[in-house]
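Novice: First the structure, which I've put down as structure tokens, then a few questions once you've had a look.
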Amino acid sequence: MTRDRMFIIIVVIGALLLFVGVFMFLDSDTRRQEKADALFDESELLFDQGDVFEAEKKLYKAVELNPEEPRYYKALGKVFEKEGDYVRAMESFEAAGQLDHEDIEAHLEAGKMAIRGGRLEKAVELFERAREANPSHIASLYQLGFQYTIQRDLDLAEGIYNQIIELSPNEPEAYKNLGFIYAEKDRFDDSEAMFRNALDLKPDYPEVYNDLGNLMIIMDRYQDARRMFEKALVLNPNYRDAERNLDWVNRVISKSTDTEPGRP
């Protein structure tokens, strides 16, 4: 056998060995993925059956086999939420969002779990990630607006709700929330205008009538306030807040009438 022929044989054998090695590696990787997916499917079935602890074990094994699959982390988030472990639920949903930045649901769920775990500043961060993924996603904007409102960042909240209205002008909730913000800023005329915009879009909105009534009390318009509370109760006879407000304003009006000059 000549030296050249021997060299060719060695090269061919080396190429075959390399091919077999690559094939075995890819085949092994495929099998790992298939096994991870099978574990995920089993966990989904267990979760639906209420066996959340077994579902958790299956998901951990799936993550070990394929730590880059966001679905597994989202499923873990649901498991931890069911178990009442909101911090780990938040972390799992956040991990899913980090693997898939465009997964708005993962960011939103992580934010909701942060709220339930008492981590409000973290919730804002996570909702901001959802907005970054899709700046026109209305649900993300509502979550942000609400968080900024309760954390007293009223300017940021105002901007968020105005953005919602620009994107979707027929959102009565956005006008209602803006009405509250303007009332907090002592912009009472603007507040009333927003509440009335909300009622133009949704005339059967008892909460807005109640909000208007409270605003009119601040503005010393007690008769108007009474009419607003009465309308709220027509729409929802079991509306206890409106019922208490109406009782209070009726007593104020009655007292005012009794003390009018020249009245016997």
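Simple scheme: letters A, B, ... for chains in structure tokens order, numbers from 1 for residues in each chain, numbers from 1 for ligands in the order shown.
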Could you go through range 80-240 of chain A and tell me which residues DSSP, when run on the backbone, assigns to alpha helix (DSSP H), listing them as a ChimeraX atom specification?
Specialist: /A:80-83,86-99,104-116,120-133,138-150,154-167,172-184,188-201,206-218,222-235,240
Novice: Contacts of range 94-96 of chain A at 6 Å or less, counting only C-alpha atoms, minus same-chain residues fewer than 2 places along, as number ranges by chain?
Specialist: A: 70, 73-74, 90-92, 98-99, 110
Novice: Got a sec: who's within 7 Å of Leu212 in chain A, counting only C-alpha atoms, leaving out chain neighbours fewer than 6 positions off, as a list in words?
Specialist: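 Here the qualifying residues turn out to be Glu192, Phe195 and Met228 of chain A.
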Novice: Considering only C-alpha atoms, return as a list in words whatever protein or nucleic-acid residues lie within 9 Å of Ala75 in chain A, sequence-local ones (same chain, fewer than 2 positions apart) excluded.
Specialist: Phe40, Ser43, Glu44, Glu56, Leu59, Pro70, Arg71, Tyr72, Tyr73, Gly77, Lys78, Val79, Phe80, Ser92 and Phe93 of chain A
Novice: Using only C-alpha atoms, which of the listed residues (A:Tyr161, A:Tyr239, A:Phe188, A:Tyr142) sits closest to Tyr209 in chain A?
Specialist: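 Residue with the minimum atom-to-atom distance to Tyr209 in chain A: A:Tyr239.
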